[in-house]
>>> print(open('query-v7.cif').read())   # mmCIF, C-alpha atoms
data_my_file
loop_
_atom_site.label_atom_id
_atom_site.label_comp_id
_atom_site.auth_asym_id
_atom_site.auth_seq_id
_atom_site.Cartn_x
_atom_site.Cartn_y
_atom_site.Cartn_z
CA MET A 1 -15.61 -1.20 6.02
CA LYS A 2 -18.00 -4.05 5.21
CA ILE A 3 -21.58 -2.80 5.18
CA ALA A 4 -24.75 -4.89 4.95
CA LEU A 5 -27.83 -2.93 3.86
CA ILE A 6 -31.13 -4.78 4.37
CA ILE A 7 -34.38 -3.85 2.62
CA THR A 8 -37.32 -5.82 1.21
CA SER A 9 -36.47 -5.00 -2.42
CA VAL A 10 -34.79 -2.56 -4.75
CA THR A 11 -37.83 -2.30 -6.97
CA GLU A 12 -39.98 0.84 -6.95
CA GLY A 13 -40.23 3.04 -3.91
CA GLY A 14 -38.56 5.90 -2.11
CA ALA A 15 -36.79 3.78 0.50
CA GLN A 16 -35.54 1.51 -2.28
CA ARG A 17 -34.12 4.51 -4.12
CA VAL A 18 -32.45 5.64 -0.88
CA ALA A 19 -30.95 2.15 -0.41
CA ALA A 20 -29.49 2.17 -3.94
CA THR A 21 -28.14 5.69 -3.49
CA LEU A 22 -26.49 4.81 -0.17
CA ALA A 23 -24.99 1.56 -1.50
CA ASN A 24 -23.58 3.30 -4.58
CA SER A 25 -22.18 6.16 -2.52
CA TRP A 26 -20.56 3.86 0.03
CA THR A 27 -18.86 1.71 -2.61
CA ARG A 28 -17.67 4.84 -4.40
CA ALA A 29 -16.08 5.84 -1.06
CA GLY A 30 -14.24 2.50 -0.96
CA HIS A 31 -16.49 0.42 1.31
CA ILE A 32 -17.59 -3.15 0.57
CA VAL A 33 -21.39 -3.22 0.37
CA GLU A 34 -23.98 -5.98 0.18
CA VAL A 35 -27.59 -5.02 -0.44
CA ILE A 36 -29.64 -7.85 1.05
CA THR A 37 -33.26 -8.12 -0.11
CA TYR A 38 -36.23 -10.44 0.35
CA GLU A 39 -36.71 -10.70 -3.44
CA PRO A 40 -36.49 -13.91 -5.46
CA PRO A 41 -33.04 -14.37 -7.06
CA GLY A 42 -32.85 -12.80 -10.50
CA THR A 43 -35.26 -9.95 -9.77
CA SER A 44 -33.97 -6.91 -11.65
CA PRO A 45 -33.55 -3.77 -9.54
CA ASP A 46 -35.44 -0.66 -10.61
CA PHE A 47 -32.60 1.47 -9.28
CA ALA A 48 -29.12 1.09 -10.75
CA LEU A 49 -26.50 -0.45 -8.51
CA ARG A 50 -22.81 -0.07 -9.24
CA ASP A 51 -20.99 -3.19 -10.37
CA ASP A 52 -19.09 -3.31 -7.09
CA VAL A 53 -22.32 -3.48 -5.02
CA SER A 54 -23.30 -7.08 -4.26
CA LEU A 55 -27.03 -7.72 -4.52
CA ILE A 56 -28.06 -10.68 -2.37
CA GLN A 57 -31.66 -11.79 -2.96
CA LEU A 58 -32.72 -14.21 -0.22
CA ASP A 59 -36.15 -15.20 -1.63
CA LEU A 60 -38.06 -14.33 1.57
CA MET A 61 -41.14 -12.62 0.09
CA GLY A 62 -44.63 -13.86 0.79
CA GLN A 63 -47.84 -12.89 2.51
CA SER A 64 -49.27 -14.67 5.54
CA GLU A 65 -52.89 -15.68 6.03
CA THR A 66 -52.81 -16.00 9.82
CA LEU A 67 -50.98 -14.55 12.80
CA PHE A 68 -49.21 -17.87 13.41
CA GLU A 69 -48.14 -18.11 9.78
CA SER A 70 -46.82 -14.54 9.98
CA ILE A 71 -44.83 -15.33 13.12
CA GLY A 72 -43.41 -18.47 11.52
CA LYS A 73 -42.42 -16.69 8.31
CA ASN A 74 -40.78 -13.86 10.21
CA LEU A 75 -38.82 -16.28 12.41
CA HIS A 76 -37.65 -18.01 9.23
CA ARG A 77 -36.67 -14.65 7.67
CA MET A 78 -34.75 -13.68 10.81
CA ARG A 79 -32.85 -17.00 10.85
CA VAL A 80 -31.94 -16.74 7.15
CA ILE A 81 -30.80 -13.12 7.55
CA ARG A 82 -28.80 -13.98 10.68
CA LYS A 83 -27.09 -16.92 8.96
CA HIS A 84 -26.21 -14.76 5.97
CA LEU A 85 -24.86 -11.97 8.19
CA ASP A 86 -22.81 -14.47 10.21
CA ASN A 87 -21.23 -15.67 6.95
CA TYR A 88 -20.70 -12.12 5.60
CA SER A 89 -19.39 -10.79 8.94
CA PRO A 90 -20.20 -7.11 8.37
CA ASP A 91 -18.70 -4.23 10.31
CA ILE A 92 -22.14 -2.62 10.40
CA VAL A 93 -25.72 -3.43 9.37
CA VAL A 94 -28.13 -0.78 8.09
CA ALA A 95 -31.82 -1.61 7.58
CA LEU A 96 -34.60 0.39 5.95
CA ILE A 97 -38.37 -0.05 6.36
CA THR A 98 -40.28 -1.47 9.35
CA GLY A 99 -40.10 -5.24 8.71
CA PRO A 100 -36.40 -5.36 7.79
CA ASN A 101 -35.64 -3.00 10.69
CA ILE A 102 -37.18 -5.35 13.23
CA LEU A 103 -35.66 -8.49 11.73
CA ALA A 104 -32.21 -6.87 11.41
CA LEU A 105 -32.31 -5.95 15.10
CA LEU A 106 -33.34 -9.49 16.08
CA ALA A 107 -30.75 -11.07 13.76
CA GLY A 108 -28.06 -8.91 15.34
CA LEU A 109 -28.78 -9.83 18.95
CA GLY A 110 -25.58 -11.12 20.51
CA ARG A 111 -23.58 -10.43 17.35
CA PRO A 112 -20.53 -8.14 17.17
CA TRP A 113 -21.85 -5.70 14.57
CA PRO A 114 -23.91 -2.60 15.35
CA THR A 115 -27.29 -2.33 13.63
CA ILE A 116 -28.70 0.98 12.45
CA ILE A 117 -32.35 1.20 11.48
CA SER A 118 -34.10 3.90 9.50
CA GLU A 119 -37.81 4.33 8.93
CA ARG A 120 -38.72 5.74 5.52
CA VAL A 121 -42.43 6.53 5.74
CA HIS A 122 -44.72 9.49 6.17
CA PRO A 123 -46.20 8.78 9.62
CA ALA A 124 -49.57 10.32 8.76
CA HIS A 125 -50.00 7.76 5.96
CA GLN A 126 -48.86 4.64 7.82
CA PRO A 127 -51.18 3.12 10.44
CA ILE A 128 -48.35 1.05 11.96
#
>>> encode(input="query-v7.cif", output="structure tokens")
Amino acid sequence: MKIALIITSVTEGGAQRVAATLANSWTRAGHIVEVITYEPPGTSPDFALRDDVSLIQLDLMGQSETLFESIGKNLHRMRVIRKHLDNYSPDIVVALITGPNILALLAGLGRPWPTIISERVHPAHQPI
């Protein structure tokens, strides 16, 4: 099975550790896995990924100053993710963390793959 796992980064954080653990476990089980992040290319992961896990860094990080800038950046992120997923043609997409969850769902609209999202926060500590 071809699996795409989407997360902002694989540097520091509990969800990032979960992403690395899942990717490593799935490849060990014989699946083909791409971990897709927003990081700049060349960013070193804080959590070890097996050699057979592909790390795809799409260079989509960045803060927005205004609501309109935020909408524009997120539309751009969604388009880039969708284009990459169209080229990769996964059997399934798994996303972790709020932003990637929303963009993975939007990128998957009308596409043949199912998208699974997972929130990795303590609700009492997250105002969203």
>>> residues_around(input="query-v7.cif", residues="A:Leu96", least_positions_apart="4", cutoff="8 Å", atoms="all atoms listed in the file", output="ChimeraX atom specification")
/A:5-7,15,19,100-101,117-120
>>> atom_distance(input="query-v7.cif", atom1="atom CA of A:Gly110", atom2="atom CA of A:Val53")
26.8 Å
>>> closest_residue(input="query-v7.cif", among="A:Pro90, A:Gly99, A:Gly72, A:Gly14", to="A:Tyr38", atoms="all atoms listed in the file")
A:Gly99
>>> closest_residue(input="query-v7.cif", among="A:Ile36, A:Thr66, A:Pro123, A:Met78", to="A:Ala104", atoms="only C-alpha atoms")
A:Met78
>>> resolve_selection(input="query-v7.cif", expression="the PyMOL selection byres ((chain A and resi 44) around 12)", output="mmCIF file with C-alpha atoms, in the coordinates of the input")
data_model
loop_
_atom_site.group_PDB
_atom_site.id
_atom_site.type_symbol
_atom_site.label_atom_id
_atom_site.label_comp_id
_atom_site.auth_asym_id
_atom_site.auth_seq_id
_atom_site.Cartn_x
_atom_site.Cartn_y
_atom_site.Cartn_z
ATOM 1 C CA SER A 9 -36.470 -5.000 -2.420
ATOM 2 C CA VAL A 10 -34.790 -2.560 -4.750
ATOM 3 C CA THR A 11 -37.830 -2.300 -6.970
ATOM 4 C CA GLU A 12 -39.980 0.840 -6.950
ATOM 5 C CA THR A 37 -33.260 -8.120 -0.110
ATOM 6 C CA GLU A 39 -36.710 -10.700 -3.440
ATOM 7 C CA PRO A 40 -36.490 -13.910 -5.460
ATOM 8 C CA PRO A 41 -33.040 -14.370 -7.060
ATOM 9 C CA GLY A 42 -32.850 -12.800 -10.500
ATOM 10 C CA THR A 43 -35.260 -9.950 -9.770
ATOM 11 C CA PRO A 45 -33.550 -3.770 -9.540
ATOM 12 C CA ASP A 46 -35.440 -0.660 -10.610
ATOM 13 C CA PHE A 47 -32.600 1.470 -9.280
ATOM 14 C CA ALA A 48 -29.120 1.090 -10.750
ATOM 15 C CA LEU A 49 -26.500 -0.450 -8.510
ATOM 16 C CA LEU A 55 -27.030 -7.720 -4.520
ATOM 17 C CA ILE A 56 -28.060 -10.680 -2.370
ATOM 18 C CA GLN A 57 -31.660 -11.790 -2.960
#
>>> closest_residue(input="query-v7.cif", among="A:Arg111, A:Thr8, A:Ser89, A:Thr21", to="A:Gly62", atoms="all atoms listed in the file")
A:Thr8
>>> closest_residue(input="query-v7.cif", among="A:Lys73, A:Leu85, A:Ser25, A:Ile97", to="A:Pro114", atoms="all atoms listed in the file")
A:Leu85
>>> residues_near_point(input="query-v7.cif", point="(-16.4, -6.5, 1.8)", cutoff="12 Å", atoms="only C-alpha atoms", output="PyMOL selection string")
chain A and resi 1-4+26-27+30-35+52-54+85+87-92
>>> resolve_selection(input="query-v7.cif", expression="the PyMOL selection byres ((chain A and resi 77) around 10)", output="PyMOL selection string")
chain A and resi 38+58-61+71-76+78-83+100+103-104+107
>>> write_last_selection(input="query-v7.cif", atoms="C-alpha atoms", output="PDB file, in the frame of the given file")
ATOM      1  CA  TYR A  38     -36.230 -10.440   0.350  1.00  0.00           C
ATOM      2  CA  LEU A  58     -32.720 -14.210  -0.220  1.00  0.00           C
ATOM      3  CA  ASP A  59     -36.150 -15.200  -1.630  1.00  0.00           C
ATOM      4  CA  LEU A  60     -38.060 -14.330   1.570  1.00  0.00           C
ATOM      5  CA  MET A  61     -41.140 -12.620   0.090  1.00  0.00           C
ATOM      6  CA  ILE A  71     -44.830 -15.330  13.120  1.00  0.00           C
ATOM      7  CA  GLY A  72     -43.410 -18.470  11.520  1.00  0.00           C
ATOM      8  CA  LYS A  73     -42.420 -16.690   8.310  1.00  0.00           C
ATOM      9  CA  ASN A  74     -40.780 -13.860  10.210  1.00  0.00           C
ATOM     10  CA  LEU A  75     -38.820 -16.280  12.410  1.00  0.00           C
ATOM     11  CA  HIS A  76     -37.650 -18.010   9.230  1.00  0.00           C
ATOM     12  CA  MET A  78     -34.750 -13.680  10.810  1.00  0.00           C
ATOM     13  CA  ARG A  79     -32.850 -17.000  10.850  1.00  0.00           C
ATOM     14  CA  VAL A  80     -31.940 -16.740   7.150  1.00  0.00           C
ATOM     15  CA  ILE A  81     -30.800 -13.120   7.550  1.00  0.00           C
ATOM     16  CA  ARG A  82     -28.800 -13.980  10.680  1.00  0.00           C
ATOM     17  CA  LYS A  83     -27.090 -16.920   8.960  1.00  0.00           C
ATOM     18  CA  PRO A 100     -36.400  -5.360   7.790  1.00  0.00           C
ATOM     19  CA  LEU A 103     -35.660  -8.490  11.730  1.00  0.00           C
ATOM     20  CA  ALA A 104     -32.210  -6.870  11.410  1.00  0.00           C
ATOM     21  CA  ALA A 107     -30.750 -11.070  13.760  1.00  0.00           C
TER      22      ALA A 107
END
>>> atom_distance(input="query-v7.cif", atom1="atom CA of A:Ala95", atom2="atom CA of A:Pro112")
16.2 Å
>>> atom_distance(input="query-v7.cif", atom1="atom CA of A:Trp113", atom2="atom CA of A:Val93")
6.9 Å
>>> closest_residue(input="query-v7.cif", among="A:Ile116, A:Ile102, A:Val94, A:Leu109", to="A:Ala23", atoms="only C-alpha atoms")
A:Val94
>>> decode(input="query-v7.cif", residues="stretch 83-105 of chain A", atoms="N, CA, C and O atoms", output="PDB file, in the first residue's frame")
ATOM      1  N   LYS A  83      -1.189  18.744  -5.825  1.00  0.00           N
ATOM      2  CA  LYS A  83      -0.375  18.404  -6.991  1.00  0.00           C
ATOM      3  C   LYS A  83       0.586  17.268  -6.656  1.00  0.00           C
ATOM      4  O   LYS A  83       0.760  16.323  -7.429  1.00  0.00           O
ATOM      5  N   HIS A  84       1.223  17.363  -5.484  1.00  0.00           N
ATOM      6  CA  HIS A  84       2.145  16.306  -5.085  1.00  0.00           C
ATOM      7  C   HIS A  84       1.407  14.980  -4.921  1.00  0.00           C
ATOM      8  O   HIS A  84       1.882  13.938  -5.393  1.00  0.00           O
ATOM      9  N   LEU A  85       0.252  15.004  -4.257  1.00  0.00           N
ATOM     10  CA  LEU A  85      -0.508  13.772  -4.063  1.00  0.00           C
ATOM     11  C   LEU A  85      -0.994  13.198  -5.394  1.00  0.00           C
ATOM     12  O   LEU A  85      -0.980  11.974  -5.583  1.00  0.00           O
ATOM     13  N   ASP A  86      -1.402  14.054  -6.317  1.00  0.00           N
ATOM     14  CA  ASP A  86      -1.800  13.568  -7.646  1.00  0.00           C
ATOM     15  C   ASP A  86      -0.636  12.825  -8.305  1.00  0.00           C
ATOM     16  O   ASP A  86      -0.833  11.766  -8.916  1.00  0.00           O
ATOM     17  N   ASN A  87       0.573  13.365  -8.179  1.00  0.00           N
ATOM     18  CA  ASN A  87       1.751  12.720  -8.772  1.00  0.00           C
ATOM     19  C   ASN A  87       2.125  11.434  -8.044  1.00  0.00           C
ATOM     20  O   ASN A  87       2.528  10.459  -8.672  1.00  0.00           O
ATOM     21  N   TYR A  88       1.998  11.417  -6.726  1.00  0.00           N
ATOM     22  CA  TYR A  88       2.354  10.245  -5.915  1.00  0.00           C
ATOM     23  C   TYR A  88       1.293   9.148  -6.032  1.00  0.00           C
ATOM     24  O   TYR A  88       1.606   7.974  -5.997  1.00  0.00           O
ATOM     25  N   SER A  89       0.043   9.532  -6.155  1.00  0.00           N
ATOM     26  CA  SER A  89      -1.088   8.610  -6.287  1.00  0.00           C
ATOM     27  C   SER A  89      -1.159   7.607  -5.130  1.00  0.00           C
ATOM     28  O   SER A  89      -1.061   6.395  -5.332  1.00  0.00           O
ATOM     29  N   PRO A  90      -1.358   8.116  -3.913  1.00  0.00           N
ATOM     30  CA  PRO A  90      -1.376   7.220  -2.752  1.00  0.00           C
ATOM     31  C   PRO A  90      -2.654   6.382  -2.699  1.00  0.00           C
ATOM     32  O   PRO A  90      -3.678   6.733  -3.290  1.00  0.00           O
ATOM     33  N   ASP A  91      -2.567   5.289  -1.966  1.00  0.00           N
ATOM     34  CA  ASP A  91      -3.763   4.488  -1.675  1.00  0.00           C
ATOM     35  C   ASP A  91      -4.546   5.114  -0.525  1.00  0.00           C
ATOM     36  O   ASP A  91      -5.757   4.928  -0.425  1.00  0.00           O
ATOM     37  N   ILE A  92      -3.826   5.828   0.336  1.00  0.00           N
ATOM     38  CA  ILE A  92      -4.447   6.468   1.491  1.00  0.00           C
ATOM     39  C   ILE A  92      -3.581   7.652   1.932  1.00  0.00           C
ATOM     40  O   ILE A  92      -2.360   7.629   1.760  1.00  0.00           O
ATOM     41  N   VAL A  93      -4.230   8.672   2.480  1.00  0.00           N
ATOM     42  CA  VAL A  93      -3.533   9.834   3.036  1.00  0.00           C
ATOM     43  C   VAL A  93      -3.875   9.911   4.516  1.00  0.00           C
ATOM     44  O   VAL A  93      -5.039   9.779   4.897  1.00  0.00           O
ATOM     45  N   VAL A  94      -2.858  10.122   5.335  1.00  0.00           N
ATOM     46  CA  VAL A  94      -3.027  10.300   6.777  1.00  0.00           C
ATOM     47  C   VAL A  94      -2.408  11.650   7.128  1.00  0.00           C
ATOM     48  O   VAL A  94      -1.274  11.929   6.738  1.00  0.00           O
ATOM     49  N   ALA A  95      -3.149  12.491   7.836  1.00  0.00           N
ATOM     50  CA  ALA A  95      -2.631  13.799   8.246  1.00  0.00           C
ATOM     51  C   ALA A  95      -2.708  13.923   9.761  1.00  0.00           C
ATOM     52  O   ALA A  95      -3.611  13.380  10.400  1.00  0.00           O
ATOM     53  N   LEU A  96      -1.738  14.646  10.315  1.00  0.00           N
ATOM     54  CA  LEU A  96      -1.677  14.911  11.753  1.00  0.00           C
ATOM     55  C   LEU A  96      -1.567  16.413  11.970  1.00  0.00           C
ATOM     56  O   LEU A  96      -0.838  17.085  11.240  1.00  0.00           O
ATOM     57  N   ILE A  97      -2.260  16.918  12.941  1.00  0.00           N
ATOM     58  CA  ILE A  97      -2.260  18.318  13.377  1.00  0.00           C
ATOM     59  C   ILE A  97      -3.286  19.127  12.566  1.00  0.00           C
ATOM     60  O   ILE A  97      -3.507  18.885  11.394  1.00  0.00           O
ATOM     61  N   THR A  98      -3.873  20.115  13.185  1.00  0.00           N
ATOM     62  CA  THR A  98      -5.012  20.856  12.637  1.00  0.00           C
ATOM     63  C   THR A  98      -4.811  21.376  11.214  1.00  0.00           C
ATOM     64  O   THR A  98      -5.610  21.077  10.330  1.00  0.00           O
ATOM     65  N   GLY A  99      -3.773  22.168  10.970  1.00  0.00           N
ATOM     66  CA  GLY A  99      -3.571  22.751   9.643  1.00  0.00           C
ATOM     67  C   GLY A  99      -3.434  21.703   8.553  1.00  0.00           C
ATOM     68  O   GLY A  99      -4.164  21.734   7.553  1.00  0.00           O
ATOM     69  N   PRO A 100      -2.495  20.751   8.702  1.00  0.00           N
ATOM     70  CA  PRO A 100      -2.381  19.695   7.707  1.00  0.00           C
ATOM     71  C   PRO A 100      -3.658  18.864   7.560  1.00  0.00           C
ATOM     72  O   PRO A 100      -3.976  18.417   6.461  1.00  0.00           O
ATOM     73  N   ASN A 101      -4.385  18.661   8.655  1.00  0.00           N
ATOM     74  CA  ASN A 101      -5.646  17.918   8.560  1.00  0.00           C
ATOM     75  C   ASN A 101      -6.613  18.603   7.601  1.00  0.00           C
ATOM     76  O   ASN A 101      -7.181  17.972   6.708  1.00  0.00           O
ATOM     77  N   ILE A 102      -6.797  19.893   7.790  1.00  0.00           N
ATOM     78  CA  ILE A 102      -7.744  20.645   6.960  1.00  0.00           C
ATOM     79  C   ILE A 102      -7.277  20.667   5.507  1.00  0.00           C
ATOM     80  O   ILE A 102      -8.052  20.401   4.587  1.00  0.00           O
ATOM     81  N   LEU A 103      -6.002  20.952   5.286  1.00  0.00           N
ATOM     82  CA  LEU A 103      -5.494  21.032   3.919  1.00  0.00           C
ATOM     83  C   LEU A 103      -5.489  19.673   3.231  1.00  0.00           C
ATOM     84  O   LEU A 103      -5.749  19.580   2.028  1.00  0.00           O
ATOM     85  N   ALA A 104      -5.229  18.596   3.977  1.00  0.00           N
ATOM     86  CA  ALA A 104      -5.275  17.250   3.390  1.00  0.00           C
ATOM     87  C   ALA A 104      -6.698  16.905   2.956  1.00  0.00           C
ATOM     88  O   ALA A 104      -6.905  16.315   1.891  1.00  0.00           O
ATOM     89  N   LEU A 105      -7.678  17.280   3.770  1.00  0.00           N
ATOM     90  CA  LEU A 105      -9.073  17.036   3.388  1.00  0.00           C
ATOM     91  C   LEU A 105      -9.441  17.814   2.131  1.00  0.00           C
ATOM     92  O   LEU A 105     -10.060  17.272   1.207  1.00  0.00           O
TER      93      LEU A 105
END
